[in-house]
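In what follows, a single structure is set out as structure tokens and then discussed.
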Amino acid sequence: MFTFLHEKTAKVAFYWAFYFSLIGIIANGRQLNRRHLWFTGLLALLGCSKVVWFYWHYLGNADYNPFNDYLNAGKRLLIAAIISYYLLSQFAKNQQLTRRVIEWGLIIAFIGATAYGFYQYLSSARRVEFALDRATISAYGYAMLTAVVLFMLAAKSHAKSQLLLCLGIFIIGWFIIIQTGTRNMIAAFPVIIFLVGLLQFRHLGWKGAAGIVIAIFVLAAACYKPMIKPRADIAIAEFARYSHDRGNEYGSLTSRLAMWNIGTACFAANPLGMNMEQRTAWFKHYVNEHHRDASALEFVPIHLHNELIDSATLQGIPGALIMLLFYVAIIIYALRKKNALLLSGMLVVVVSGLTDVVFISRELTVCVALLLILSQLWQSINAARQKLR
């Protein structure tokens, strides 16, 4: 609830949730049902892969840094796995109360974030970025929150008033995302909502799909000149500049293209991975040898703006396979179980990972992990209630 409003409060609340979960596990000792164990296991596996990589390369190394992004992201994912274990092991208890807490928590989070976004928009902020001070990660987290809230409300009731409410949430959510200026999410968000809506709610007929399409065209037309066209023009110009200057001139897109080009070559040459200092040295050698993609060098000590390429260059084949397993397993499960919340949230994560690194951002690691857990928990409670009817 606090991720978009006050970063420190969100972090403190996350750790308190971990402490309470740990106490609950010790006190109850309840075993997790096998049908939920895989989900918690995936979070733990992804977290372990990052922690193990860090200690393998840095324990006893002069470059050892306890604040390394991969190490901290791994720890947060392991903490999220413990929270997931406790919540999913207890989901049979107090289902009505738990369901209401999840619903109202997510709704309040959405209202609070949206109000903050409109405040920044009306205050003539250059880009909406909430309290995170970075427009891109703000767009990814907010898109996931909006998608989860929208499909949660759609699954609760198919009444016309409820569907109109969902359409309103989509319009408001996409408007805020457009104001962040994050190009890949501006393009991907309506596509994700449309596709998941078609897959999960086909029985609603063509009217719902038509409503979304009309809303997309109306909002795109309204925001085209002030926000969409300028960002599209910049992207086209940067793509042309990358080809002309061989990636040696800095730009949001040109630097990403440079990072991805060298990153792919780096992984091909070092399939078992390396540490961050070795990767930086490899990038510098590549630039000096090929006289291209120099704009990547500013960012390589941080990350490569692509989840899979970043994991592959550092963690090698094992890291890339674990990342792919995390993506594919959750998407397939969500499709099989018709869990629109989990599916839409995971598709946002995948799209975000194409141009950024979700699981080394402190704010996004916490936000994404908890939204995935709540999506799974809410759907489990909902499915159990429907069986009893």
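In the structure tokens, the first chain shown is A, the next is B, and so on; residue numbers restart at 1 for each chain, and ligands run from 1 in the order shown.
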I'd like the neighbourhood of Ser255 of chain A as a PyMOL selection string, where a residue qualifies if any of its atoms comes within 12 Å (using only C-alpha atoms), though same-chain residues fewer than 2 positions away should be ignored. chain A and resi 235+238-239+241-243+245-253+257-263+292-300+303-306+355
Return as JSON, numbers by chain the full set of residues in segment 126-195 of chain A whose backbone-based DSSP assignment is helix (DSSP H, G or I). {"A": [135, 136, 137, 138, 139, 140, 141, 142, 143, 144, 145, 146, 147, 148, 149, 150, 151, 152, 153, 154, 155, 156, 160, 161, 162, 163, 164, 165, 166, 167, 168, 169, 170, 171, 172, 173, 174, 175, 176, 177, 178, 179, 180, 183, 184, 185, 186, 187, 188, 189, 190, 191, 192, 193, 194, 195]}
List as a tab-separated table every residue of segment 50-166 of chain A that is in contact with segment 24-29 of chain A, defined as an atom at most 10 Å from one of its atoms (using only C-alpha atoms), together with the nearest atom pair and the distance in Å rounded to one decimal, sorted by chain and then rising number.
residue	atom	partner	partner_atom	distance
A:Ile82	CA	A:Ile25	CA	8.6
A:Ile83	CA	A:Ile25	CA	9.3
A:Tyr85	CA	A:Ile25	CA	8.1
A:Tyr86	CA	A:Ile25	CA	5.9
A:Leu87	CA	A:Gly24	CA	9.2
A:Ser89	CA	A:Ile25	CA	8.7
A:Gln90	CA	A:Asn28	CA	9.2
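Between atom CA of Pro271 of chain A and atom CA of Val51 of chain A the interatomic distance comes to 18.9 Å.
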List the spatial neighbours of Thr365 of chain A as a list in words - criterion: any atom at most 8 Å away, only C-alpha atoms, same-chain residues fewer than 6 positions off excluded. Ala73, Arg76, Leu77, Val358 and Phe359 of chain A
Residue subset to file, keeping N, CA and C atoms, as a PDB file, in the first residue's frame:
ATOM      1  N   ALA A  73      18.709  -8.150  -3.621  1.00  0.00           N
ATOM      2  CA  ALA A  73      17.503  -8.621  -4.305  1.00  0.00           C
ATOM      3  C   ALA A  73      17.230 -10.084  -3.954  1.00  0.00           C
ATOM      4  N   ARG A  76      15.704 -10.276  -0.511  1.00  0.00           N
ATOM      5  CA  ARG A  76      14.294  -9.844  -0.504  1.00  0.00           C
ATOM      6  C   ARG A  76      13.387 -10.925  -1.080  1.00  0.00           C
ATOM      7  N   LEU A  77      13.850 -11.614  -2.119  1.00  0.00           N
ATOM      8  CA  LEU A  77      13.049 -12.695  -2.699  1.00  0.00           C
ATOM      9  C   LEU A  77      12.915 -13.858  -1.720  1.00  0.00           C
ATOM     10  N   VAL A 358      13.918  -5.882 -13.277  1.00  0.00           N
ATOM     11  CA  VAL A 358      12.920  -5.809 -12.208  1.00  0.00           C
ATOM     12  C   VAL A 358      13.490  -6.304 -10.891  1.00  0.00           C
ATOM     13  N   PHE A 359      14.208  -7.424 -10.923  1.00  0.00           N
ATOM     14  CA  PHE A 359      14.559  -8.114  -9.690  1.00  0.00           C
ATOM     15  C   PHE A 359      15.904  -7.714  -9.088  1.00  0.00           C
TER      16      PHE A 359
END
Which residues of segment 144-205 of chain A sit at most 8 Å from segment 101-119 of chain A, using only C-alpha atoms? Give each one's shortest atom pair and distance in Å (one decimal place), in chain and ascending residue order, as JSON lines.
{"residue": "A:Leu145", "atom": "CA", "partner": "A:Phe110", "partner_atom": "CA", "distance": 6.7}
{"residue": "A:Thr146", "atom": "CA", "partner": "A:Phe110", "partner_atom": "CA", "distance": 6.7}
{"residue": "A:Val149", "atom": "CA", "partner": "A:Leu106", "partner_atom": "CA", "distance": 6.4}
{"residue": "A:Met152", "atom": "CA", "partner": "A:Glu103", "partner_atom": "CA", "distance": 7.8}
{"residue": "A:Ile172", "atom": "CA", "partner": "A:Thr114", "partner_atom": "CA", "distance": 8.0}
{"residue": "A:Gly173", "atom": "CA", "partner": "A:Thr114", "partner_atom": "CA", "distance": 7.5}
{"residue": "A:Ile176", "atom": "CA", "partner": "A:Gly117", "partner_atom": "CA", "distance": 6.4}
Residue selection dump (all heavy atoms) as an mmCIF file, in the first residue's frame:
data_model
loop_
_atom_site.group_PDB
_atom_site.id
_atom_site.type_symbol
_atom_site.label_atom_id
_atom_site.label_comp_id
_atom_site.auth_asym_id
_atom_site.auth_seq_id
_atom_site.Cartn_x
_atom_site.Cartn_y
_atom_site.Cartn_z
ATOM 1 N N LEU A 145 0.057 -3.229 -10.499
ATOM 2 C CA LEU A 145 -0.980 -2.988 -9.496
ATOM 3 C C LEU A 145 -2.330 -2.756 -10.169
ATOM 4 O O LEU A 145 -3.354 -3.323 -9.759
ATOM 5 C CB LEU A 145 -0.601 -1.781 -8.642
ATOM 6 C CG LEU A 145 -1.656 -1.289 -7.640
ATOM 7 C CD1 LEU A 145 -1.938 -2.356 -6.589
ATOM 8 C CD2 LEU A 145 -1.206 0.016 -6.982
ATOM 9 N N THR A 146 -2.358 -1.932 -11.219
ATOM 10 C CA THR A 146 -3.606 -1.632 -11.934
ATOM 11 C C THR A 146 -4.201 -2.897 -12.544
ATOM 12 O O THR A 146 -5.413 -3.141 -12.449
ATOM 13 C CB THR A 146 -3.351 -0.595 -13.037
ATOM 14 O OG1 THR A 146 -2.772 0.581 -12.458
ATOM 15 C CG2 THR A 146 -4.650 -0.219 -13.741
ATOM 16 N N VAL A 149 -5.670 -5.196 -9.763
ATOM 17 C CA VAL A 149 -6.918 -4.644 -9.217
ATOM 18 C C VAL A 149 -8.051 -4.789 -10.231
ATOM 19 O O VAL A 149 -9.167 -5.191 -9.888
ATOM 20 C CB VAL A 149 -6.730 -3.160 -8.822
ATOM 21 C CG1 VAL A 149 -8.070 -2.508 -8.501
ATOM 22 C CG2 VAL A 149 -5.801 -3.056 -7.618
ATOM 23 N N MET A 152 -9.115 -8.441 -10.543
ATOM 24 C CA MET A 152 -9.718 -8.883 -9.291
ATOM 25 C C MET A 152 -11.182 -8.448 -9.242
ATOM 26 O O MET A 152 -12.078 -9.254 -8.923
ATOM 27 C CB MET A 152 -8.960 -8.303 -8.098
ATOM 28 C CG MET A 152 -9.561 -8.650 -6.738
ATOM 29 S SD MET A 152 -8.717 -7.801 -5.392
ATOM 30 C CE MET A 152 -9.275 -6.104 -5.657
ATOM 31 N N ILE A 172 -8.078 5.175 -16.435
ATOM 32 C CA ILE A 172 -7.307 5.976 -15.476
ATOM 33 C C ILE A 172 -5.880 5.443 -15.361
ATOM 34 O O ILE A 172 -4.906 6.205 -15.390
ATOM 35 C CB ILE A 172 -7.998 5.975 -14.096
ATOM 36 C CG1 ILE A 172 -9.312 6.751 -14.165
ATOM 37 C CG2 ILE A 172 -7.081 6.580 -13.033
ATOM 38 C CD1 ILE A 172 -10.196 6.569 -12.941
ATOM 39 N N GLY A 173 -5.757 4.109 -15.236
ATOM 40 C CA GLY A 173 -4.441 3.498 -15.087
ATOM 41 C C GLY A 173 -3.551 3.762 -16.286
ATOM 42 O O GLY A 173 -2.371 4.120 -16.127
ATOM 43 N N ILE A 176 -2.304 7.392 -16.404
ATOM 44 C CA ILE A 176 -1.171 7.635 -15.503
ATOM 45 C C ILE A 176 0.107 7.039 -16.080
ATOM 46 O O ILE A 176 1.188 7.661 -16.022
ATOM 47 C CB ILE A 176 -1.452 7.054 -14.098
ATOM 48 C CG1 ILE A 176 -2.615 7.796 -13.423
ATOM 49 C CG2 ILE A 176 -0.197 7.112 -13.216
ATOM 50 C CD1 ILE A 176 -2.326 9.239 -13.073
#
